[in-house]
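Shown here: protein_37.pdb, PDB, C-alpha atoms and all ligand atoms.
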```pdb
ATOM      1  CA  MET A   1       0.000   0.000   0.000  1.00  0.00           C
ATOM      2  CA  ALA A   2       1.409   3.415  -0.979  1.00  0.00           C
ATOM      3  CA  SER A   3       1.939   5.955   1.768  1.00  0.00           C
ATOM      4  CA  LEU A   4       0.090   9.206   1.342  1.00  0.00           C
ATOM      5  CA  LYS A   5       1.603  12.640   1.811  1.00  0.00           C
ATOM      6  CA  PHE A   6      -0.610  15.107   3.630  1.00  0.00           C
ATOM      7  CA  ALA A   7      -0.890  18.864   3.242  1.00  0.00           C
ATOM      8  CA  SER A   8      -3.244  21.458   4.649  1.00  0.00           C
ATOM      9  CA  LEU A   9      -5.935  22.595   2.238  1.00  0.00           C
ATOM     10  CA  GLU A  10      -4.971  25.609   0.133  1.00  0.00           C
ATOM     11  CA  GLU A  11      -7.165  27.519  -2.262  1.00  0.00           C
ATOM     12  CA  ASN A  12      -5.413  26.046  -5.305  1.00  0.00           C
ATOM     13  CA  HIS A  13      -6.389  22.520  -4.156  1.00  0.00           C
ATOM     14  CA  ILE A  14     -10.109  23.266  -4.168  1.00  0.00           C
ATOM     15  CA  GLU A  15     -10.791  22.547  -7.839  1.00  0.00           C
ATOM     16  CA  ARG A  16      -9.450  18.970  -7.524  1.00  0.00           C
ATOM     17  CA  VAL A  17     -11.096  18.473  -4.131  1.00  0.00           C
ATOM     18  CA  ARG A  18     -14.441  19.507  -5.605  1.00  0.00           C
ATOM     19  CA  GLU A  19     -14.029  17.010  -8.462  1.00  0.00           C
ATOM     20  CA  ILE A  20     -13.758  14.229  -5.890  1.00  0.00           C
ATOM     21  CA  GLU A  21     -16.482  15.729  -3.690  1.00  0.00           C
ATOM     22  CA  THR A  22     -19.029  15.965  -6.503  1.00  0.00           C
ATOM     23  CA  LEU A  23     -18.689  12.250  -7.239  1.00  0.00           C
ATOM     24  CA  SER A  24     -18.479  11.177  -3.582  1.00  0.00           C
ATOM     25  CA  ASN A  25     -21.012  13.195  -1.626  1.00  0.00           C
ATOM     26  CA  PRO A  26     -24.737  13.246  -2.484  1.00  0.00           C
ATOM     27  CA  SER A  27     -24.896  16.706  -0.832  1.00  0.00           C
ATOM     28  CA  PRO A  28     -21.596  18.228  -1.979  1.00  0.00           C
ATOM     29  CA  TRP A  29     -20.014  21.097  -0.061  1.00  0.00           C
ATOM     30  CA  THR A  30     -20.055  24.469  -1.812  1.00  0.00           C
ATOM     31  CA  TYR A  31     -16.900  26.187  -3.046  1.00  0.00           C
ATOM     32  CA  GLU A  32     -17.304  28.708  -0.203  1.00  0.00           C
ATOM     33  CA  SER A  33     -17.394  25.928   2.413  1.00  0.00           C
ATOM     34  CA  PHE A  34     -13.984  24.737   1.253  1.00  0.00           C
ATOM     35  CA  VAL A  35     -12.598  28.283   1.203  1.00  0.00           C
ATOM     36  CA  HIS A  36     -13.744  28.678   4.807  1.00  0.00           C
ATOM     37  CA  GLU A  37     -11.752  25.595   5.804  1.00  0.00           C
ATOM     38  CA  VAL A  38      -8.518  27.025   4.357  1.00  0.00           C
ATOM     39  CA  LYS A  39      -8.388  29.519   7.217  1.00  0.00           C
ATOM     40  CA  ASN A  40     -10.499  27.863   9.903  1.00  0.00           C
ATOM     41  CA  PRO A  41      -8.504  28.307  13.131  1.00  0.00           C
ATOM     42  CA  ASN A  42     -10.592  25.631  14.862  1.00  0.00           C
ATOM     43  CA  GLY A  43     -10.190  22.975  12.239  1.00  0.00           C
ATOM     44  CA  LEU A  44      -7.824  21.037  10.065  1.00  0.00           C
ATOM     45  CA  PHE A  45      -8.494  20.075   6.448  1.00  0.00           C
ATOM     46  CA  LEU A  46      -5.962  17.648   4.993  1.00  0.00           C
ATOM     47  CA  VAL A  47      -5.528  16.793   1.334  1.00  0.00           C
ATOM     48  CA  ALA A  48      -3.911  13.424   0.676  1.00  0.00           C
ATOM     49  CA  ASN A  49      -1.436  13.065  -2.181  1.00  0.00           C
ATOM     50  CA  ALA A  50      -0.283   9.874  -3.873  1.00  0.00           C
ATOM     51  CA  GLY A  51       2.680  11.122  -5.885  1.00  0.00           C
ATOM     52  CA  ASP A  52       1.581  14.432  -7.401  1.00  0.00           C
ATOM     53  CA  THR A  53      -2.124  13.696  -7.384  1.00  0.00           C
ATOM     54  CA  ILE A  54      -4.691  14.526  -4.728  1.00  0.00           C
ATOM     55  CA  VAL A  55      -6.514  11.224  -4.180  1.00  0.00           C
ATOM     56  CA  GLY A  56      -8.601  12.148  -1.156  1.00  0.00           C
ATOM     57  CA  TYR A  57      -9.152  14.439   1.775  1.00  0.00           C
ATOM     58  CA  GLY A  58     -10.601  14.657   5.231  1.00  0.00           C
ATOM     59  CA  ALA A  59     -11.339  17.327   7.766  1.00  0.00           C
ATOM     60  CA  VAL A  60     -11.903  17.750  11.456  1.00  0.00           C
ATOM     61  CA  TRP A  61     -13.124  20.523  13.727  1.00  0.00           C
ATOM     62  CA  PHE A  62     -11.765  20.883  17.229  1.00  0.00           C
ATOM     63  CA  VAL A  63     -14.517  21.563  19.779  1.00  0.00           C
ATOM     64  CA  ILE A  64     -13.176  21.848  23.348  1.00  0.00           C
ATOM     65  CA  ASP A  65     -11.716  18.320  23.660  1.00  0.00           C
ATOM     66  CA  GLU A  66     -13.787  16.686  20.892  1.00  0.00           C
ATOM     67  CA  ALA A  67     -12.583  16.025  17.354  1.00  0.00           C
ATOM     68  CA  HIS A  68     -15.541  16.278  14.937  1.00  0.00           C
ATOM     69  CA  ILE A  69     -14.818  14.641  11.609  1.00  0.00           C
ATOM     70  CA  THR A  70     -16.690  16.777   9.092  1.00  0.00           C
ATOM     71  CA  THR A  71     -15.809  15.199   5.766  1.00  0.00           C
ATOM     72  CA  LEU A  72     -13.877  12.326   4.236  1.00  0.00           C
ATOM     73  CA  ALA A  73     -13.549  11.087   0.676  1.00  0.00           C
ATOM     74  CA  VAL A  74     -11.253   9.089  -1.564  1.00  0.00           C
ATOM     75  CA  ALA A  75     -11.485   9.393  -5.366  1.00  0.00           C
ATOM     76  CA  GLU A  76     -13.584   6.526  -6.683  1.00  0.00           C
ATOM     77  CA  SER A  77     -10.749   4.972  -8.736  1.00  0.00           C
ATOM     78  CA  GLU A  78      -8.434   5.006  -5.696  1.00  0.00           C
ATOM     79  CA  ARG A  79     -10.652   3.293  -3.124  1.00  0.00           C
ATOM     80  CA  LYS A  80      -9.996   0.011  -1.309  1.00  0.00           C
ATOM     81  CA  GLN A  81      -6.245   0.571  -1.029  1.00  0.00           C
ATOM     82  CA  GLY A  82      -6.164   1.740   2.578  1.00  0.00           C
ATOM     83  CA  TYR A  83      -6.217   5.464   1.767  1.00  0.00           C
ATOM     84  CA  GLY A  84      -9.399   6.231   3.692  1.00  0.00           C
ATOM     85  CA  ARG A  85      -7.927   4.612   6.778  1.00  0.00           C
ATOM     86  CA  GLN A  86      -4.679   6.580   6.401  1.00  0.00           C
ATOM     87  CA  ILE A  87      -6.604   9.863   6.121  1.00  0.00           C
ATOM     88  CA  VAL A  88      -8.703   9.256   9.249  1.00  0.00           C
ATOM     89  CA  ASN A  89      -5.609   8.164  11.168  1.00  0.00           C
ATOM     90  CA  ALA A  90      -3.781  11.345  10.131  1.00  0.00           C
ATOM     91  CA  LEU A  91      -6.711  13.513  11.271  1.00  0.00           C
ATOM     92  CA  LEU A  92      -7.016  11.746  14.614  1.00  0.00           C
ATOM     93  CA  GLU A  93      -3.280  11.774  15.309  1.00  0.00           C
ATOM     94  CA  GLU A  94      -3.240  15.541  14.778  1.00  0.00           C
ATOM     95  CA  ALA A  95      -6.364  15.871  16.947  1.00  0.00           C
ATOM     96  CA  GLN A  96      -4.663  13.972  19.746  1.00  0.00           C
ATOM     97  CA  GLU A  97      -1.591  16.184  19.475  1.00  0.00           C
ATOM     98  CA  ARG A  98      -3.877  19.199  19.859  1.00  0.00           C
ATOM     99  CA  GLY A  99      -5.316  17.809  23.096  1.00  0.00           C
ATOM    100  CA  MET A 100      -8.538  16.231  21.839  1.00  0.00           C
ATOM    101  CA  THR A 101      -9.568  13.197  23.898  1.00  0.00           C
ATOM    102  CA  CYS A 102     -12.455  11.793  21.829  1.00  0.00           C
ATOM    103  CA  ALA A 103     -13.868  11.886  18.312  1.00  0.00           C
ATOM    104  CA  THR A 104     -17.295  11.904  16.716  1.00  0.00           C
ATOM    105  CA  LEU A 105     -18.957  12.034  13.309  1.00  0.00           C
ATOM    106  CA  GLU A 106     -22.218  11.545  11.444  1.00  0.00           C
ATOM    107  CA  VAL A 107     -22.539   9.056   8.616  1.00  0.00           C
ATOM    108  CA  ARG A 108     -25.410   8.106   6.312  1.00  0.00           C
ATOM    109  CA  ALA A 109     -27.152   4.980   7.583  1.00  0.00           C
ATOM    110  CA  SER A 110     -26.732   3.392   4.120  1.00  0.00           C
ATOM    111  CA  ASN A 111     -22.987   4.107   3.864  1.00  0.00           C
ATOM    112  CA  SER A 112     -21.617   0.656   4.688  1.00  0.00           C
ATOM    113  CA  PRO A 113     -18.027   1.286   3.455  1.00  0.00           C
ATOM    114  CA  ALA A 114     -17.618   4.316   5.720  1.00  0.00           C
ATOM    115  CA  ILE A 115     -19.363   2.667   8.692  1.00  0.00           C
ATOM    116  CA  HIS A 116     -17.060  -0.372   8.378  1.00  0.00           C
ATOM    117  CA  LEU A 117     -14.014   1.874   8.181  1.00  0.00           C
ATOM    118  CA  TYR A 118     -14.978   3.823  11.301  1.00  0.00           C
ATOM    119  CA  GLU A 119     -15.892   0.657  13.220  1.00  0.00           C
ATOM    120  CA  SER A 120     -12.543  -0.881  12.304  1.00  0.00           C
ATOM    121  CA  LEU A 121     -10.869   2.146  13.924  1.00  0.00           C
ATOM    122  CA  GLY A 122     -12.846   1.719  17.150  1.00  0.00           C
ATOM    123  CA  PHE A 123     -15.821   4.035  16.599  1.00  0.00           C
ATOM    124  CA  THR A 124     -19.219   2.778  17.754  1.00  0.00           C
ATOM    125  CA  VAL A 125     -22.735   3.835  16.789  1.00  0.00           C
ATOM    126  CA  VAL A 126     -24.357   5.634  19.726  1.00  0.00           C
ATOM    127  CA  GLY A 127     -27.471   7.129  18.160  1.00  0.00           C
ATOM    128  CA  THR A 128     -29.430   8.234  15.137  1.00  0.00           C
ATOM    129  CA  ARG A 129     -30.413  11.640  13.820  1.00  0.00           C
ATOM    130  CA  LYS A 130     -33.659  11.087  11.960  1.00  0.00           C
ATOM    131  CA  LYS A 131     -33.943  12.494   8.412  1.00  0.00           C
ATOM    132  CA  TYR A 132     -30.663  14.347   8.896  1.00  0.00           C
ATOM    133  CA  TYR A 133     -29.641  14.592   5.230  1.00  0.00           C
ATOM    134  CA  PRO A 134     -31.764  17.086   3.296  1.00  0.00           C
ATOM    135  CA  ASN A 135     -31.305  15.577  -0.192  1.00  0.00           C
ATOM    136  CA  ASN A 136     -33.121  12.297   0.565  1.00  0.00           C
ATOM    137  CA  LYS A 137     -34.138  12.657   4.235  1.00  0.00           C
ATOM    138  CA  GLU A 138     -31.836   9.788   5.134  1.00  0.00           C
ATOM    139  CA  ASP A 139     -31.022   9.133   8.794  1.00  0.00           C
ATOM    140  CA  ALA A 140     -27.526   9.816  10.147  1.00  0.00           C
ATOM    141  CA  LEU A 141     -25.794   7.439  12.505  1.00  0.00           C
ATOM    142  CA  VAL A 142     -23.864   9.237  15.228  1.00  0.00           C
ATOM    143  CA  MET A 143     -20.571   7.519  15.968  1.00  0.00           C
ATOM    144  CA  TRP A 144     -18.098   8.137  18.793  1.00  0.00           C
ATOM    145  CA  LEU A 145     -14.608   7.074  19.654  1.00  0.00           C
ATOM    146  CA  TYR A 146     -14.584   7.820  23.371  1.00  0.00           C
ATOM    147  CA  ASN A 147     -10.874   7.446  23.960  1.00  0.00           C
ATOM    148  CA  LEU A 148      -8.580   8.703  21.237  1.00  0.00           C
ATOM    149  CA  GLY A 149      -5.767   6.944  23.065  1.00  0.00           C
ATOM    150  CA  SER A 150      -7.430   3.630  22.183  1.00  0.00           C
ATOM    151  CA  LEU A 151      -7.461   4.337  18.424  1.00  0.00           C
ATOM    152  CA  ASP A 152      -6.952   1.084  16.513  1.00  0.00           C
ATOM    153  CA  ARG A 153      -4.859   2.258  13.565  1.00  0.00           C
ATOM    154  CA  GLY A 154      -5.335  -0.986  11.645  1.00  0.00           C
ATOM    155  CA  GLN A 155      -2.903  -1.680   8.833  1.00  0.00           C
ATOM    156  CA  SER A 156      -1.707   1.819   7.949  1.00  0.00           C
TER     157      SER A 156
HETATM  158  C1  LIG B 201     -15.529   5.699   2.848  1.00  0.00           C
HETATM  159  C2  LIG B 201     -14.276   5.848   1.986  1.00  0.00           C
HETATM  160  C3  LIG B 201     -13.568   7.150   2.365  1.00  0.00           C
HETATM  161  C4  LIG B 201     -13.330   4.658   2.259  1.00  0.00           C
HETATM  162  O1  LIG B 201     -12.136   4.920   1.567  1.00  0.00           O
HETATM  163  P1  LIG B 201     -11.172   3.711   1.097  1.00  0.00           P
HETATM  164  O2  LIG B 201      -9.876   4.326   0.747  1.00  0.00           O
HETATM  165  O3  LIG B 201     -11.845   2.905   0.059  1.00  0.00           O
HETATM  166  O4  LIG B 201     -11.074   2.874   2.443  1.00  0.00           O
HETATM  167  P2  LIG B 201      -9.891   1.885   2.865  1.00  0.00           P
HETATM  168  O5  LIG B 201      -9.334   1.210   1.648  1.00  0.00           O
HETATM  169  O6  LIG B 201      -8.942   2.623   3.727  1.00  0.00           O
HETATM  170  O7  LIG B 201     -10.681   0.801   3.690  1.00  0.00           O
HETATM  171  C5  LIG B 201     -10.607   0.783   5.075  1.00  0.00           C
HETATM  172  C6  LIG B 201     -11.738  -0.055   5.625  1.00  0.00           C
HETATM  173  O8  LIG B 201     -12.980   0.528   5.276  1.00  0.00           O
HETATM  174  C7  LIG B 201     -13.945  -0.516   5.063  1.00  0.00           C
HETATM  175  N1  LIG B 201     -14.381  -0.454   3.670  1.00  0.00           N
HETATM  176  C8  LIG B 201     -13.880   0.331   2.679  1.00  0.00           C
HETATM  177  N2  LIG B 201     -14.582   0.133   1.538  1.00  0.00           N
HETATM  178  C9  LIG B 201     -15.527  -0.784   1.838  1.00  0.00           C
HETATM  179  C10 LIG B 201     -16.589  -1.372   1.088  1.00  0.00           C
HETATM  180  N3  LIG B 201     -16.807  -1.061  -0.198  1.00  0.00           N
HETATM  181  N4  LIG B 201     -17.401  -2.241   1.715  1.00  0.00           N
HETATM  182  C11 LIG B 201     -17.209  -2.569   3.028  1.00  0.00           C
HETATM  183  N5  LIG B 201     -16.215  -2.046   3.791  1.00  0.00           N
HETATM  184  C12 LIG B 201     -15.400  -1.165   3.196  1.00  0.00           C
HETATM  185  C13 LIG B 201     -13.249  -1.815   5.402  1.00  0.00           C
HETATM  186  O9  LIG B 201     -13.403  -2.021   6.792  1.00  0.00           O
HETATM  187  C14 LIG B 201     -11.812  -1.452   5.083  1.00  0.00           C
HETATM  188  O10 LIG B 201     -10.897  -2.270   5.767  1.00  0.00           O
HETATM  189  P3  LIG B 201     -10.334  -3.603   5.060  1.00  0.00           P
HETATM  190  O11 LIG B 201      -9.819  -3.197   3.726  1.00  0.00           O
HETATM  191  O12 LIG B 201      -9.257  -4.039   6.006  1.00  0.00           O
HETATM  192  O13 LIG B 201     -11.506  -4.532   4.985  1.00  0.00           O
HETATM  193  C15 LIG B 201     -14.640   5.834   0.465  1.00  0.00           C
HETATM  194  O14 LIG B 201     -15.446   4.705   0.203  1.00  0.00           O
HETATM  195  C16 LIG B 201     -15.344   7.085  -0.014  1.00  0.00           C
HETATM  196  O15 LIG B 201     -14.707   8.087  -0.354  1.00  0.00           O
HETATM  197  N6  LIG B 201     -16.701   7.044  -0.053  1.00  0.00           N
HETATM  198  C17 LIG B 201     -17.488   8.200  -0.515  1.00  0.00           C
HETATM  199  C18 LIG B 201     -17.444   9.341   0.483  1.00  0.00           C
HETATM  200  C19 LIG B 201     -17.900   8.891   1.852  1.00  0.00           C
HETATM  201  O16 LIG B 201     -18.798   8.076   1.983  1.00  0.00           O
HETATM  202  N7  LIG B 201     -17.278   9.479   2.894  1.00  0.00           N
HETATM  203  C20 LIG B 201     -17.616   9.203   4.266  1.00  0.00           C
HETATM  204  C21 LIG B 201     -18.559  10.233   4.756  1.00  0.00           C
HETATM  205  S1  LIG B 201     -18.979   9.961   6.476  1.00  0.00           S
END
```

Would you encode the structure as structure tokens?
Amino acid sequence: MASLKFASLEENHIERVREIETLSNPSPWTYESFVHEVKNPNGLFLVANAGDTIVGYGAVWFVIDEAHITTLAVAESERKQGYGRQIVNALLEEAQERGMTCATLEVRASNSPAIHLYESLGFTVVGTRKKYYPNNKEDALVMWLYNLGSLDRGQS
């Protein structure tokens, strides 16, 4: 498995990030949402490079001692190579270094690949937000990793 190189989101990455986002997220973020993340002092948005190409990204907001994962995607042609796991691990390692003790996220109830990934890292489903996603009124599962120190990094 190739190792990814991570960089903080810059404005010149947004075009490529949006290409991946449009094909990965049924409710894609707007251009402005990405621009906001470039300078968000309470968050970290990482782009993941394999060689010279951005193959995925993920982001986290820091809220007191909680790391909120806000987005994650790997380009469709690059999936199932361990990249998603590497991205989440990179986000959570940085969160731990910044003093976060736990992590949380919402995921579509139908999104088995993402749910499996998060469960394999130690997240558990703790609740449901009914009709959370506006595009199709799908429920969100709320997942938590209560102890970032217990993160199971898997094979990355
Ligand atoms: C979710 C996503 C980021 C996973 O990325 P990936 O690079 O393919 O994931 P990895 O190769 O690192 O896989 C890690 C684990 O995720 C799970 N997983 C990944 N794809 C899976 C699939 N199609 N079916 C079931 N489990 C899957 C497995 O547990 C896998 O571990 P394993 O390979 O040891 O079995 C990717 O499918 C994606 O971008 N989806 C669209 C966007 C999205 O749903 N983002 C999450 C929003 S909450």

Notebook entry, point to check: Neighbours of segment 97-111 of chain A within 9 Å (all atoms listed in the file; same-chain residues fewer than 5 positions away dropped), as a list in words?
Noted result: Phe62, Val63, Ile64, Asp65, Glu66, Ala67, His68, Ile69, Thr70, Thr71, Leu92, His116, Phe123, Thr128, Arg129, Tyr132, Tyr133, Glu138, Asp139, Ala140, Leu141, Val142, Met143, Trp144, Leu145, Tyr146, Asn147, Leu148 and Gly149 of chain A

Margin query: Nearest residue to Glu15 of chain A out of A:Ser3, A:Thr30, A:Asn89, A:Asn40, using all atoms listed in the file?
Written below: A:Thr30

Margin query: Applying 6 Å and all atoms listed in the file, which residues near Gly58 of chain A remain after dropping the ones on its own chain fewer than 2 positions away? List them as a list in words.
Written below: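 The neighbour list is Phe45, Leu46, Thr71 and Leu72 of chain A.
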
Note to self: One decimal, in Å: what's the spacing between atom CA of Gly122 of chain A and atom N7 of ligand LIG 201 (chain B)?
What the structure shows: 16.8 Å

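Minimum atom-to-atom distance to ligand LIG 201 (chain B), evaluated using all atoms listed in the file, belongs to A:Leu23 out of A:Asn135, A:Trp61, A:Leu23, A:Gly43.
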
Notebook entry, point to check: For the file shown, what are the residues hit by the PyMOL selection byres (((not hetatm)) within 8 of (chain B and resi 201)), laid out as a VMD selection string?
Noted result: chain A and resid 21 23 to 25 56 70 to 76 78 to 87 105 to 108 111 to 120 154 to 155

Saved selection, atoms kept: C-alpha atoms, as an mmCIF file, in the coordinates of the input:
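Saved file result.cif follows:
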```cif
data_model
loop_
_atom_site.group_PDB
_atom_site.id
_atom_site.type_symbol
_atom_site.label_atom_id
_atom_site.label_comp_id
_atom_site.auth_asym_id
_atom_site.auth_seq_id
_atom_site.Cartn_x
_atom_site.Cartn_y
_atom_site.Cartn_z
ATOM 1 C CA GLU A 21 -16.482 15.729 -3.690
ATOM 2 C CA LEU A 23 -18.689 12.250 -7.239
ATOM 3 C CA SER A 24 -18.479 11.177 -3.582
ATOM 4 C CA ASN A 25 -21.012 13.195 -1.626
ATOM 5 C CA GLY A 56 -8.601 12.148 -1.156
ATOM 6 C CA THR A 70 -16.690 16.777 9.092
ATOM 7 C CA THR A 71 -15.809 15.199 5.766
ATOM 8 C CA LEU A 72 -13.877 12.326 4.236
ATOM 9 C CA ALA A 73 -13.549 11.087 0.676
ATOM 10 C CA VAL A 74 -11.253 9.089 -1.564
ATOM 11 C CA ALA A 75 -11.485 9.393 -5.366
ATOM 12 C CA GLU A 76 -13.584 6.526 -6.683
ATOM 13 C CA GLU A 78 -8.434 5.006 -5.696
ATOM 14 C CA ARG A 79 -10.652 3.293 -3.124
ATOM 15 C CA LYS A 80 -9.996 0.011 -1.309
ATOM 16 C CA GLN A 81 -6.245 0.571 -1.029
ATOM 17 C CA GLY A 82 -6.164 1.740 2.578
ATOM 18 C CA TYR A 83 -6.217 5.464 1.767
ATOM 19 C CA GLY A 84 -9.399 6.231 3.692
ATOM 20 C CA ARG A 85 -7.927 4.612 6.778
ATOM 21 C CA GLN A 86 -4.679 6.580 6.401
ATOM 22 C CA ILE A 87 -6.604 9.863 6.121
ATOM 23 C CA LEU A 105 -18.957 12.034 13.309
ATOM 24 C CA GLU A 106 -22.218 11.545 11.444
ATOM 25 C CA VAL A 107 -22.539 9.056 8.616
ATOM 26 C CA ARG A 108 -25.410 8.106 6.312
ATOM 27 C CA ASN A 111 -22.987 4.107 3.864
ATOM 28 C CA SER A 112 -21.617 0.656 4.688
ATOM 29 C CA PRO A 113 -18.027 1.286 3.455
ATOM 30 C CA ALA A 114 -17.618 4.316 5.720
ATOM 31 C CA ILE A 115 -19.363 2.667 8.692
ATOM 32 C CA HIS A 116 -17.060 -0.372 8.378
ATOM 33 C CA LEU A 117 -14.014 1.874 8.181
ATOM 34 C CA TYR A 118 -14.978 3.823 11.301
ATOM 35 C CA GLU A 119 -15.892 0.657 13.220
ATOM 36 C CA SER A 120 -12.543 -0.881 12.304
ATOM 37 C CA GLY A 154 -5.335 -0.986 11.645
ATOM 38 C CA GLN A 155 -2.903 -1.680 8.833
#
```

Margin query: Using only C-alpha atoms, can you tell me which of A:Val35, A:Ala90, A:Ala50, A:Val17 comes closest to Arg153 of chain A?
Written below: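 Counting only C-alpha atoms, the residue closest to Arg153 of chain A is A:Ala90.
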
Note to self: Once the PyMOL selection byres (((chain A and resi 53) around 12) and not hetatm) is applied to the coordinates I shared, what remains selected? I want it as number ranges by chain.
What the structure shows: A: 4-7, 13, 16-17, 20, 47-52, 54-57, 74-75, 78

Notebook entry, point to check: What is the distance, in Å and to one decimal place, between atom CA of Ile14 of chain A and atom CA of Tyr31 of chain A?
Noted result: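 We find that atom CA of Ile14 of chain A and atom CA of Tyr31 of chain A lie 7.5 Å from each other.
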
Checklist line | One-decimal distance in Å that lies between atom CA of Glu93 of chain A and atom CA of Leu44 of chain A | finding: 11.6 Å

Per-axis box centre and lengths in Å around segment 71-89 of chain A, 6 Å margin per side, axis-aligned, as AutoDock Vina command-line options:
```
--center_x -10.2 --center_y 7.6 --center_z 1.2 --size_x 23.1 --size_y 27.2 --size_z 31.9
```

Next item on the list: Rank A:Ser27, A:Asn42, A:Ser150, A:Thr124 by their smallest atom-to-atom distance to Lys137 of chain A, using all atoms listed in the file, and report the top residue only.
Entry: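 So, comparing all the options, the nearest one is A:Ser27.
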
Only N, CA, C and O atoms needed: put segment 104-119 of chain A from the block into a file as a PDB file, in the first residue's frame.
```pdb
ATOM      1  N   THR A 104     -15.920  12.211  17.105  1.00  0.00           N
ATOM      2  CA  THR A 104     -17.295  11.904  16.716  1.00  0.00           C
ATOM      3  C   THR A 104     -17.527  12.279  15.253  1.00  0.00           C
ATOM      4  O   THR A 104     -16.753  13.044  14.667  1.00  0.00           O
ATOM      5  N   LEU A 105     -18.597  11.736  14.697  1.00  0.00           N
ATOM      6  CA  LEU A 105     -18.957  12.034  13.309  1.00  0.00           C
ATOM      7  C   LEU A 105     -20.381  11.578  13.054  1.00  0.00           C
ATOM      8  O   LEU A 105     -20.949  10.807  13.832  1.00  0.00           O
ATOM      9  N   GLU A 106     -20.943  12.064  11.945  1.00  0.00           N
ATOM     10  CA  GLU A 106     -22.218  11.545  11.444  1.00  0.00           C
ATOM     11  C   GLU A 106     -21.967  10.862  10.118  1.00  0.00           C
ATOM     12  O   GLU A 106     -21.139  11.324   9.333  1.00  0.00           O
ATOM     13  N   VAL A 107     -22.698   9.792   9.873  1.00  0.00           N
ATOM     14  CA  VAL A 107     -22.539   9.056   8.616  1.00  0.00           C
ATOM     15  C   VAL A 107     -23.914   8.585   8.162  1.00  0.00           C
ATOM     16  O   VAL A 107     -24.761   8.231   8.993  1.00  0.00           O
ATOM     17  N   ARG A 108     -24.134   8.594   6.837  1.00  0.00           N
ATOM     18  CA  ARG A 108     -25.410   8.106   6.312  1.00  0.00           C
ATOM     19  C   ARG A 108     -25.624   6.647   6.715  1.00  0.00           C
ATOM     20  O   ARG A 108     -24.700   5.834   6.602  1.00  0.00           O
ATOM     21  N   ALA A 109     -26.841   6.343   7.120  1.00  0.00           N
ATOM     22  CA  ALA A 109     -27.152   4.980   7.583  1.00  0.00           C
ATOM     23  C   ALA A 109     -26.894   3.943   6.498  1.00  0.00           C
ATOM     24  O   ALA A 109     -26.613   2.785   6.802  1.00  0.00           O
ATOM     25  N   SER A 110     -26.940   4.351   5.226  1.00  0.00           N
ATOM     26  CA  SER A 110     -26.732   3.392   4.120  1.00  0.00           C
ATOM     27  C   SER A 110     -25.266   3.261   3.714  1.00  0.00           C
ATOM     28  O   SER A 110     -24.949   2.467   2.834  1.00  0.00           O
ATOM     29  N   ASN A 111     -24.380   4.024   4.338  1.00  0.00           N
ATOM     30  CA  ASN A 111     -22.987   4.107   3.864  1.00  0.00           C
ATOM     31  C   ASN A 111     -22.112   3.022   4.509  1.00  0.00           C
ATOM     32  O   ASN A 111     -21.255   3.297   5.356  1.00  0.00           O
ATOM     33  N   SER A 112     -22.335   1.785   4.065  1.00  0.00           N
ATOM     34  CA  SER A 112     -21.617   0.656   4.688  1.00  0.00           C
ATOM     35  C   SER A 112     -20.098   0.788   4.616  1.00  0.00           C
ATOM     36  O   SER A 112     -19.421   0.505   5.611  1.00  0.00           O
ATOM     37  N   PRO A 113     -19.495   1.194   3.469  1.00  0.00           N
ATOM     38  CA  PRO A 113     -18.027   1.286   3.455  1.00  0.00           C
ATOM     39  C   PRO A 113     -17.489   2.198   4.560  1.00  0.00           C
ATOM     40  O   PRO A 113     -16.551   1.835   5.277  1.00  0.00           O
ATOM     41  N   ALA A 114     -18.111   3.378   4.700  1.00  0.00           N
ATOM     42  CA  ALA A 114     -17.618   4.316   5.720  1.00  0.00           C
ATOM     43  C   ALA A 114     -17.873   3.778   7.133  1.00  0.00           C
ATOM     44  O   ALA A 114     -17.004   3.863   8.008  1.00  0.00           O
ATOM     45  N   ILE A 115     -19.044   3.190   7.349  1.00  0.00           N
ATOM     46  CA  ILE A 115     -19.363   2.667   8.692  1.00  0.00           C
ATOM     47  C   ILE A 115     -18.355   1.570   9.055  1.00  0.00           C
ATOM     48  O   ILE A 115     -17.809   1.555  10.168  1.00  0.00           O
ATOM     49  N   HIS A 116     -18.050   0.684   8.099  1.00  0.00           N
ATOM     50  CA  HIS A 116     -17.060  -0.372   8.378  1.00  0.00           C
ATOM     51  C   HIS A 116     -15.699   0.218   8.697  1.00  0.00           C
ATOM     52  O   HIS A 116     -15.006  -0.247   9.604  1.00  0.00           O
ATOM     53  N   LEU A 117     -15.317   1.234   7.927  1.00  0.00           N
ATOM     54  CA  LEU A 117     -14.014   1.874   8.181  1.00  0.00           C
ATOM     55  C   LEU A 117     -13.975   2.434   9.602  1.00  0.00           C
ATOM     56  O   LEU A 117     -13.037   2.159  10.365  1.00  0.00           O
ATOM     57  N   TYR A 118     -14.996   3.202   9.971  1.00  0.00           N
ATOM     58  CA  TYR A 118     -14.978   3.823  11.301  1.00  0.00           C
ATOM     59  C   TYR A 118     -15.030   2.757  12.405  1.00  0.00           C
ATOM     60  O   TYR A 118     -14.321   2.870  13.423  1.00  0.00           O
ATOM     61  N   GLU A 119     -15.839   1.720  12.193  1.00  0.00           N
ATOM     62  CA  GLU A 119     -15.892   0.657  13.220  1.00  0.00           C
ATOM     63  C   GLU A 119     -14.533  -0.028  13.363  1.00  0.00           C
ATOM     64  O   GLU A 119     -14.117  -0.363  14.465  1.00  0.00           O
TER      65      GLU A 119
END
```
